[in-house]
$ cat final-v3.cif   # mmCIF, C-alpha atoms
data_structure
loop_
_atom_site.group_PDB
_atom_site.id
_atom_site.type_symbol
_atom_site.label_atom_id
_atom_site.label_comp_id
_atom_site.auth_asym_id
_atom_site.auth_seq_id
_atom_site.Cartn_x
_atom_site.Cartn_y
_atom_site.Cartn_z
ATOM 1 C CA MET A 15 -2.395 7.394 -13.078
ATOM 2 C CA GLU A 16 0.652 5.670 -14.502
ATOM 3 C CA VAL A 17 0.030 2.456 -12.587
ATOM 4 C CA PHE A 18 -3.354 1.982 -14.270
ATOM 5 C CA ASP A 19 -1.865 2.742 -17.687
ATOM 6 C CA LEU A 20 0.677 -0.017 -17.092
ATOM 7 C CA ARG A 21 -2.014 -2.373 -15.845
ATOM 8 C CA ILE A 22 -4.146 -1.747 -18.919
ATOM 9 C CA MET A 23 -1.222 -2.365 -21.239
ATOM 10 C CA LEU A 24 -0.091 -5.558 -19.501
ATOM 11 C CA GLU A 25 -3.485 -7.005 -18.598
ATOM 12 C CA CYS A 26 -5.019 -6.428 -22.041
ATOM 13 C CA ASP A 27 -2.005 -8.150 -23.581
ATOM 14 C CA LEU A 28 -2.402 -11.055 -21.167
ATOM 15 C CA ILE A 29 -6.084 -11.559 -21.885
ATOM 16 C CA GLN A 30 -5.456 -11.443 -25.651
ATOM 17 C CA ARG A 31 -2.834 -14.166 -25.336
ATOM 18 C CA ALA A 32 -4.815 -16.199 -22.822
ATOM 19 C CA VAL A 33 -8.035 -16.281 -24.846
ATOM 20 C CA GLN A 34 -6.114 -17.578 -27.851
ATOM 21 C CA LYS A 35 -4.509 -20.370 -25.798
ATOM 22 C CA ALA A 36 -7.320 -21.226 -23.373
ATOM 23 C CA ASP A 37 -8.312 -24.874 -23.244
ATOM 24 C CA ASP A 38 -11.486 -26.315 -21.719
ATOM 25 C CA GLN A 39 -9.926 -26.461 -18.237
ATOM 26 C CA ALA A 40 -8.853 -22.810 -18.367
ATOM 27 C CA LYS A 41 -12.367 -21.833 -19.436
ATOM 28 C CA ALA A 42 -13.881 -23.941 -16.652
ATOM 29 C CA ASP A 43 -11.566 -22.249 -14.139
ATOM 30 C CA VAL A 44 -12.728 -18.810 -15.275
ATOM 31 C CA VAL A 45 -16.398 -19.780 -15.002
ATOM 32 C CA TYR A 46 -15.826 -21.327 -11.564
ATOM 33 C CA LEU A 47 -14.032 -18.235 -10.273
ATOM 34 C CA LEU A 48 -16.707 -15.977 -11.754
ATOM 35 C CA ARG A 49 -19.308 -17.862 -9.729
ATOM 36 C CA ARG A 50 -17.157 -17.860 -6.592
ATOM 37 C CA THR A 51 -16.395 -14.153 -6.774
ATOM 38 C CA SER A 52 -20.073 -13.425 -7.385
ATOM 39 C CA LEU A 53 -20.844 -15.122 -4.071
ATOM 40 C CA GLU A 54 -18.002 -13.339 -2.250
ATOM 41 C CA ALA A 55 -18.642 -9.908 -3.746
ATOM 42 C CA GLY A 56 -19.082 -7.097 -1.272
ATOM 43 C CA ARG A 57 -17.736 -9.111 1.649
ATOM 44 C CA PRO A 58 -14.487 -8.477 3.488
ATOM 45 C CA GLY A 59 -11.571 -9.706 1.422
ATOM 46 C CA TRP A 60 -13.494 -9.321 -1.850
ATOM 47 C CA HIS A 61 -10.413 -7.939 -3.586
ATOM 48 C CA GLN A 62 -8.612 -11.297 -3.227
ATOM 49 C CA GLY A 63 -11.475 -13.027 -5.041
ATOM 50 C CA ASP A 64 -11.353 -10.309 -7.687
ATOM 51 C CA TRP A 65 -7.646 -10.976 -8.202
ATOM 52 C CA ASP A 66 -8.270 -14.737 -8.322
ATOM 53 C CA PHE A 67 -10.768 -14.157 -11.149
ATOM 54 C CA HIS A 68 -8.438 -11.861 -13.074
ATOM 55 C CA ARG A 69 -5.498 -14.224 -12.549
ATOM 56 C CA ALA A 70 -7.599 -17.068 -13.995
ATOM 57 C CA LEU A 71 -8.365 -14.902 -17.035
ATOM 58 C CA TYR A 72 -4.631 -14.422 -17.629
ATOM 59 C CA ALA A 73 -3.210 -17.808 -16.620
ATOM 60 C CA ALA A 74 -3.542 -19.494 -20.019
ATOM 61 C CA ALA A 75 -1.237 -16.859 -21.513
ATOM 62 C CA GLY A 76 1.638 -18.747 -19.906
ATOM 63 C CA ARG A 77 3.519 -15.575 -18.976
ATOM 64 C CA PRO A 78 4.357 -15.869 -15.268
ATOM 65 C CA ARG A 79 6.703 -12.852 -15.156
ATOM 66 C CA GLN A 80 4.141 -10.582 -16.762
ATOM 67 C CA LEU A 81 1.485 -11.897 -14.391
ATOM 68 C CA ALA A 82 3.785 -11.217 -11.416
ATOM 69 C CA ILE A 83 4.271 -7.630 -12.607
ATOM 70 C CA VAL A 84 0.488 -7.202 -12.844
ATOM 71 C CA ASP A 85 0.154 -8.589 -9.321
ATOM 72 C CA ASP A 86 2.694 -6.035 -8.081
ATOM 73 C CA LEU A 87 0.856 -3.220 -9.881
ATOM 74 C CA ARG A 88 -2.445 -4.265 -8.295
ATOM 75 C CA LYS A 89 -0.780 -4.167 -4.872
ATOM 76 C CA ILE A 90 0.508 -0.668 -5.603
ATOM 77 C CA CYS A 91 -3.049 0.384 -6.451
ATOM 78 C CA VAL A 92 -4.274 -0.936 -3.113
ATOM 79 C CA LEU A 93 -1.487 0.834 -1.226
ATOM 80 C CA GLN A 94 -1.758 4.144 -3.084
ATOM 81 C CA ALA A 95 -5.520 4.372 -3.084
ATOM 82 C CA SER A 96 -6.883 4.558 0.421
ATOM 83 C CA GLN A 97 -10.319 4.385 -1.185
ATOM 84 C CA TYR A 98 -9.596 1.040 -2.906
ATOM 85 C CA THR A 99 -11.923 -0.900 -0.617
ATOM 86 C CA SER A 100 -14.670 1.577 -1.548
ATOM 87 C CA LEU A 101 -14.783 -0.045 -4.970
ATOM 88 C CA ALA A 102 -17.058 -2.586 -3.301
ATOM 89 C CA THR A 103 -19.814 0.046 -3.560
ATOM 90 C CA GLU A 104 -19.916 -0.759 -7.260
ATOM 91 C CA THR A 105 -20.244 -4.517 -6.760
ATOM 92 C CA GLN A 106 -23.024 -5.068 -9.279
ATOM 93 C CA ARG A 107 -21.189 -3.100 -11.967
ATOM 94 C CA TRP A 108 -18.017 -5.125 -11.436
ATOM 95 C CA LEU A 109 -19.960 -8.383 -11.479
ATOM 96 C CA ARG A 110 -21.572 -7.437 -14.795
ATOM 97 C CA ASP A 111 -18.119 -6.571 -16.140
ATOM 98 C CA HIS A 112 -16.773 -9.923 -14.962
ATOM 99 C CA GLU A 113 -19.684 -11.783 -16.563
ATOM 100 C CA ALA A 114 -19.051 -10.058 -19.891
ATOM 101 C CA LEU A 115 -15.314 -10.782 -19.629
ATOM 102 C CA ALA A 116 -15.959 -14.445 -18.865
ATOM 103 C CA GLU A 117 -18.424 -14.717 -21.743
ATOM 104 C CA ALA A 118 -15.910 -13.273 -24.223
ATOM 105 C CA TYR A 119 -13.163 -15.503 -22.787
ATOM 106 C CA VAL A 120 -15.167 -18.720 -23.045
ATOM 107 C CA ALA A 121 -16.331 -17.823 -26.567
ATOM 108 C CA GLY A 122 -12.747 -17.163 -27.671
ATOM 109 C CA ARG A 123 -13.326 -13.500 -28.522
ATOM 110 C CA ALA A 124 -9.911 -12.056 -27.619
ATOM 111 C CA ASP A 125 -10.436 -8.558 -29.046
ATOM 112 C CA GLU A 126 -13.761 -8.175 -27.262
ATOM 113 C CA GLY A 127 -12.235 -9.453 -24.025
ATOM 114 C CA SER A 128 -9.391 -6.962 -24.298
ATOM 115 C CA THR A 129 -11.784 -4.077 -24.961
ATOM 116 C CA LEU A 130 -14.022 -5.082 -22.060
ATOM 117 C CA LEU A 131 -11.036 -5.403 -19.756
ATOM 118 C CA GLU A 132 -9.694 -1.975 -20.691
ATOM 119 C CA GLU A 133 -13.120 -0.429 -20.018
ATOM 120 C CA HIS A 134 -13.327 -2.303 -16.695
ATOM 121 C CA LEU A 135 -9.925 -1.049 -15.561
ATOM 122 C CA ARG A 136 -10.618 2.519 -16.693
ATOM 123 C CA ARG A 137 -13.923 2.523 -14.779
ATOM 124 C CA SER A 138 -12.054 1.300 -11.702
ATOM 125 C CA LEU A 139 -9.636 4.204 -12.020
ATOM 126 C CA GLU A 140 -12.469 6.701 -12.585
ATOM 127 C CA CYS A 141 -14.259 5.372 -9.531
ATOM 128 C CA LEU A 142 -11.141 5.654 -7.377
ATOM 129 C CA LEU A 143 -10.501 9.187 -8.601
ATOM 130 C CA ALA A 144 -14.120 10.195 -7.944
ATOM 131 C CA LEU A 145 -13.968 8.711 -4.456
ATOM 132 C CA ALA A 146 -10.665 10.431 -3.721
ATOM 133 C CA ASP A 147 -12.008 13.718 -5.072
ATOM 134 C CA GLY A 148 -15.106 13.299 -2.940
ATOM 135 C CA ALA A 149 -12.984 12.644 0.137
ATOM 136 C CA ASP A 150 -10.900 15.722 -0.619
ATOM 137 C CA SER A 151 -14.013 17.840 -1.132
ATOM 138 C CA ASP A 152 -15.034 17.924 2.487
ATOM 139 C CA ARG A 153 -16.006 14.281 2.557
ATOM 140 C CA ALA A 154 -18.171 14.490 -0.520
ATOM 141 C CA ARG A 155 -20.771 17.209 -0.277
ATOM 142 C CA SER A 156 -22.311 15.546 -3.264
ATOM 143 C CA GLU A 157 -22.180 11.836 -3.896
ATOM 144 C CA PRO A 158 -19.292 10.755 -6.146
ATOM 145 C CA GLU A 159 -19.981 9.012 -9.430
ATOM 146 C CA CYS A 160 -19.375 5.665 -7.779
ATOM 147 C CA THR A 161 -22.507 4.943 -5.837
ATOM 148 C CA SER A 162 -23.927 1.808 -4.430
ATOM 149 C CA ASP A 163 -25.842 -0.412 -6.816
ATOM 150 C CA THR A 164 -28.018 -2.629 -4.689
ATOM 151 C CA SER A 165 -29.876 -4.413 -7.458
ATOM 152 C CA ALA A 166 -29.802 -8.167 -7.174
ATOM 153 C CA PRO A 167 -27.235 -10.014 -9.238
ATOM 154 C CA THR A 168 -28.597 -11.860 -12.208
ATOM 155 C CA ALA A 169 -27.244 -14.965 -13.869
ATOM 156 C CA PRO A 170 -25.703 -14.265 -17.252
ATOM 157 C CA ALA A 171 -27.741 -15.495 -20.198
ATOM 158 C CA TRP A 172 -24.782 -17.327 -21.734
ATOM 159 C CA ARG A 173 -24.454 -19.902 -18.966
#
$ encode --input "final-v3.cif" --output "structure tokens"
Amino acid sequence: MEVFDLRIMLECDLIQRAVQKADDQAKADVVYLLRRTSLEAGRPGWHQGDWDFHRALYAAAGRPRQLAIVDDLRKICVLQASQYTSLATETQRWLRDHEALAEAYVAGRADEGSTLLEEHLRRSLECLLALADGADSDRARSEPECTSDTSAPTAPAWR
């Protein structure tokens, strides 16, 4: 999906730049939003908290136009993918991804953060495609790859 390819390109660039420029306040904002989105995960409106977290990851890059383009691309994903809200079934996976992203961000590991982000976005796309395929296949005779993970969230060791 072209939109995800563009997101990966732009968002990985943003996180690379942001990690290199992040000050203590930017890092504190990321940790705060990680905690907030962990509490809001799986609830109605979760995708706004997800965007707040991602926006905090990118803010220190100081590239408002690029960030606005990413915001538009995320909105396109929501509009094009009727299954977008079904991503909440993978809440624990996304929270683990966010924890790893925040850890790399706070530690100043830009390359690791970029790699983790690309994997996170590709898994989101795979999940959406599996859900869409399942919906097309007579409402999923077999469960799609994206299934509910109900294990309790755990606090990351780095905090």
$ resolve_selection --input "final-v3.cif" --expression "the PyMOL selection byres ((chain A and resi 32) around 8)" --output "mmCIF file with C-alpha atoms, in the frame of the given file"
data_model
loop_
_atom_site.group_PDB
_atom_site.id
_atom_site.type_symbol
_atom_site.label_atom_id
_atom_site.label_comp_id
_atom_site.auth_asym_id
_atom_site.auth_seq_id
_atom_site.Cartn_x
_atom_site.Cartn_y
_atom_site.Cartn_z
ATOM 1 C CA LEU A 28 -2.402 -11.055 -21.167
ATOM 2 C CA ILE A 29 -6.084 -11.559 -21.885
ATOM 3 C CA GLN A 30 -5.456 -11.443 -25.651
ATOM 4 C CA ARG A 31 -2.834 -14.166 -25.336
ATOM 5 C CA VAL A 33 -8.035 -16.281 -24.846
ATOM 6 C CA GLN A 34 -6.114 -17.578 -27.851
ATOM 7 C CA LYS A 35 -4.509 -20.370 -25.798
ATOM 8 C CA ALA A 36 -7.320 -21.226 -23.373
ATOM 9 C CA LEU A 71 -8.365 -14.902 -17.035
ATOM 10 C CA TYR A 72 -4.631 -14.422 -17.629
ATOM 11 C CA ALA A 73 -3.210 -17.808 -16.620
ATOM 12 C CA ALA A 74 -3.542 -19.494 -20.019
ATOM 13 C CA ALA A 75 -1.237 -16.859 -21.513
ATOM 14 C CA GLY A 76 1.638 -18.747 -19.906
#
$ closest_residue --input "final-v3.cif" --among "A:Val92, A:Arg107, A:His112, A:Ala121" --to "Asp66 of chain A" --atoms "all atoms listed in the file"
A:His112
$ closest_residue --input "final-v3.cif" --among "A:Asp64, A:Asp27, A:Glu16, A:Asp85" --to "Glu132 of chain A" --atoms "all atoms listed in the file"
A:Asp27
$ atom_distance --input "final-v3.cif" --atom1 "atom CA of Ile22 of chain A" --atom2 "atom CA of Trp65 of chain A"
14.6 Å
$ resolve_selection --input "final-v3.cif" --expression "the PyMOL selection byres ((chain A and resi 127) around 10)" --output "MDAnalysis selection string"
chainID A and resid 26 29:30 33 71 114:126 128:133
$ residues_around --input "final-v3.cif" --residues "Gln62 of chain A" --least-positions-apart "4" --cutoff "12 Å" --atoms "all atoms listed in the file" --output "PyMOL selection string"
chain A and resi 47+50-51+54-58+66-69+85+88-89+92+99
$ closest_residue --input "final-v3.cif" --among "A:Leu81, A:Cys91, A:Cys141, A:Leu135" --to "Leu24 of chain A" --atoms "all atoms listed in the file"
A:Leu81
$ closest_residue --input "final-v3.cif" --among "A:Gly59, A:Glu113, A:Met15, A:Leu139" --to "Val45 of chain A" --atoms "all atoms listed in the file"
A:Glu113
$ atom_distance --input "final-v3.cif" --atom1 "atom CA of Met23 of chain A" --atom2 "atom CA of Arg49 of chain A"
26.5 Å
$ atom_distance --input "final-v3.cif" --atom1 "atom CA of Leu53 of chain A" --atom2 "atom CA of Gln106 of chain A"
11.5 Å
$ closest_residue --input "final-v3.cif" --among "A:Leu20, A:Ala70, A:Pro78, A:Arg110" --to "Ile90 of chain A" --atoms "only C-alpha atoms"
A:Leu20
$ closest_residue --input "final-v3.cif" --among "A:Asp86, A:Arg137, A:His61, A:Gln80" --to "Asp111 of chain A" --atoms "only C-alpha atoms"
A:Arg137
$ build_atoms --input "final-v3.cif" --residues "segment 110-134 of chain A" --atoms "N, CA and C atoms" --output "PDB file, in the frame of the given file"
ATOM      1  N   ARG A 110     -21.142  -7.451 -13.387  1.00  0.00           N
ATOM      2  CA  ARG A 110     -21.572  -7.437 -14.795  1.00  0.00           C
ATOM      3  C   ARG A 110     -20.356  -7.399 -15.720  1.00  0.00           C
ATOM      4  N   ASP A 111     -19.354  -6.607 -15.351  1.00  0.00           N
ATOM      5  CA  ASP A 111     -18.119  -6.571 -16.140  1.00  0.00           C
ATOM      6  C   ASP A 111     -17.478  -7.952 -16.184  1.00  0.00           C
ATOM      7  N   HIS A 112     -17.390  -8.597 -15.033  1.00  0.00           N
ATOM      8  CA  HIS A 112     -16.773  -9.923 -14.962  1.00  0.00           C
ATOM      9  C   HIS A 112     -17.546 -10.935 -15.798  1.00  0.00           C
ATOM     10  N   GLU A 113     -18.874 -10.870 -15.757  1.00  0.00           N
ATOM     11  CA  GLU A 113     -19.684 -11.783 -16.563  1.00  0.00           C
ATOM     12  C   GLU A 113     -19.406 -11.587 -18.050  1.00  0.00           C
ATOM     13  N   ALA A 114     -19.333 -10.340 -18.477  1.00  0.00           N
ATOM     14  CA  ALA A 114     -19.051 -10.058 -19.891  1.00  0.00           C
ATOM     15  C   ALA A 114     -17.646 -10.524 -20.270  1.00  0.00           C
ATOM     16  N   LEU A 115     -16.681 -10.312 -19.380  1.00  0.00           N
ATOM     17  CA  LEU A 115     -15.314 -10.782 -19.629  1.00  0.00           C
ATOM     18  C   LEU A 115     -15.276 -12.300 -19.750  1.00  0.00           C
ATOM     19  N   ALA A 116     -15.946 -12.979 -18.835  1.00  0.00           N
ATOM     20  CA  ALA A 116     -15.959 -14.445 -18.865  1.00  0.00           C
ATOM     21  C   ALA A 116     -16.641 -14.957 -20.130  1.00  0.00           C
ATOM     22  N   GLU A 117     -17.721 -14.301 -20.524  1.00  0.00           N
ATOM     23  CA  GLU A 117     -18.424 -14.717 -21.743  1.00  0.00           C
ATOM     24  C   GLU A 117     -17.513 -14.591 -22.964  1.00  0.00           C
ATOM     25  N   ALA A 118     -16.828 -13.467 -23.093  1.00  0.00           N
ATOM     26  CA  ALA A 118     -15.910 -13.273 -24.223  1.00  0.00           C
ATOM     27  C   ALA A 118     -14.771 -14.285 -24.167  1.00  0.00           C
ATOM     28  N   TYR A 119     -14.268 -14.555 -22.978  1.00  0.00           N
ATOM     29  CA  TYR A 119     -13.163 -15.503 -22.787  1.00  0.00           C
ATOM     30  C   TYR A 119     -13.568 -16.904 -23.240  1.00  0.00           C
ATOM     31  N   VAL A 120     -14.696 -17.367 -22.729  1.00  0.00           N
ATOM     32  CA  VAL A 120     -15.167 -18.720 -23.045  1.00  0.00           C
ATOM     33  C   VAL A 120     -15.478 -18.859 -24.533  1.00  0.00           C
ATOM     34  N   ALA A 121     -15.986 -17.790 -25.141  1.00  0.00           N
ATOM     35  CA  ALA A 121     -16.331 -17.823 -26.567  1.00  0.00           C
ATOM     36  C   ALA A 121     -15.113 -17.629 -27.472  1.00  0.00           C
ATOM     37  N   GLY A 122     -13.957 -17.333 -26.877  1.00  0.00           N
ATOM     38  CA  GLY A 122     -12.747 -17.163 -27.671  1.00  0.00           C
ATOM     39  C   GLY A 122     -12.647 -15.837 -28.398  1.00  0.00           C
ATOM     40  N   ARG A 123     -13.334 -14.822 -27.887  1.00  0.00           N
ATOM     41  CA  ARG A 123     -13.326 -13.500 -28.522  1.00  0.00           C
ATOM     42  C   ARG A 123     -12.282 -12.606 -27.842  1.00  0.00           C
ATOM     43  N   ALA A 124     -11.036 -12.743 -28.261  1.00  0.00           N
ATOM     44  CA  ALA A 124      -9.911 -12.056 -27.619  1.00  0.00           C
ATOM     45  C   ALA A 124     -10.017 -10.535 -27.716  1.00  0.00           C
ATOM     46  N   ASP A 125     -10.350 -10.015 -28.882  1.00  0.00           N
ATOM     47  CA  ASP A 125     -10.436  -8.558 -29.046  1.00  0.00           C
ATOM     48  C   ASP A 125     -11.525  -7.972 -28.154  1.00  0.00           C
ATOM     49  N   GLU A 126     -12.669  -8.636 -28.116  1.00  0.00           N
ATOM     50  CA  GLU A 126     -13.761  -8.175 -27.262  1.00  0.00           C
ATOM     51  C   GLU A 126     -13.343  -8.237 -25.795  1.00  0.00           C
ATOM     52  N   GLY A 127     -12.700  -9.320 -25.406  1.00  0.00           N
ATOM     53  CA  GLY A 127     -12.235  -9.453 -24.025  1.00  0.00           C
ATOM     54  C   GLY A 127     -11.270  -8.347 -23.648  1.00  0.00           C
ATOM     55  N   SER A 128     -10.362  -8.024 -24.551  1.00  0.00           N
ATOM     56  CA  SER A 128      -9.391  -6.962 -24.298  1.00  0.00           C
ATOM     57  C   SER A 128     -10.080  -5.607 -24.161  1.00  0.00           C
ATOM     58  N   THR A 129     -11.038  -5.339 -25.026  1.00  0.00           N
ATOM     59  CA  THR A 129     -11.784  -4.077 -24.961  1.00  0.00           C
ATOM     60  C   THR A 129     -12.571  -3.981 -23.663  1.00  0.00           C
ATOM     61  N   LEU A 130     -13.253  -5.067 -23.303  1.00  0.00           N
ATOM     62  CA  LEU A 130     -14.022  -5.082 -22.060  1.00  0.00           C
ATOM     63  C   LEU A 130     -13.118  -4.885 -20.849  1.00  0.00           C
ATOM     64  N   LEU A 131     -11.972  -5.524 -20.870  1.00  0.00           N
ATOM     65  CA  LEU A 131     -11.036  -5.403 -19.756  1.00  0.00           C
ATOM     66  C   LEU A 131     -10.520  -3.972 -19.630  1.00  0.00           C
ATOM     67  N   GLU A 132     -10.165  -3.362 -20.748  1.00  0.00           N
ATOM     68  CA  GLU A 132      -9.694  -1.975 -20.691  1.00  0.00           C
ATOM     69  C   GLU A 132     -10.772  -1.063 -20.110  1.00  0.00           C
ATOM     70  N   GLU A 133     -12.016  -1.240 -20.547  1.00  0.00           N
ATOM     71  CA  GLU A 133     -13.120  -0.429 -20.018  1.00  0.00           C
ATOM     72  C   GLU A 133     -13.294  -0.671 -18.520  1.00  0.00           C
ATOM     73  N   HIS A 134     -13.194  -1.917 -18.101  1.00  0.00           N
ATOM     74  CA  HIS A 134     -13.327  -2.303 -16.695  1.00  0.00           C
ATOM     75  C   HIS A 134     -12.250  -1.611 -15.848  1.00  0.00           C
TER      76      HIS A 134
END
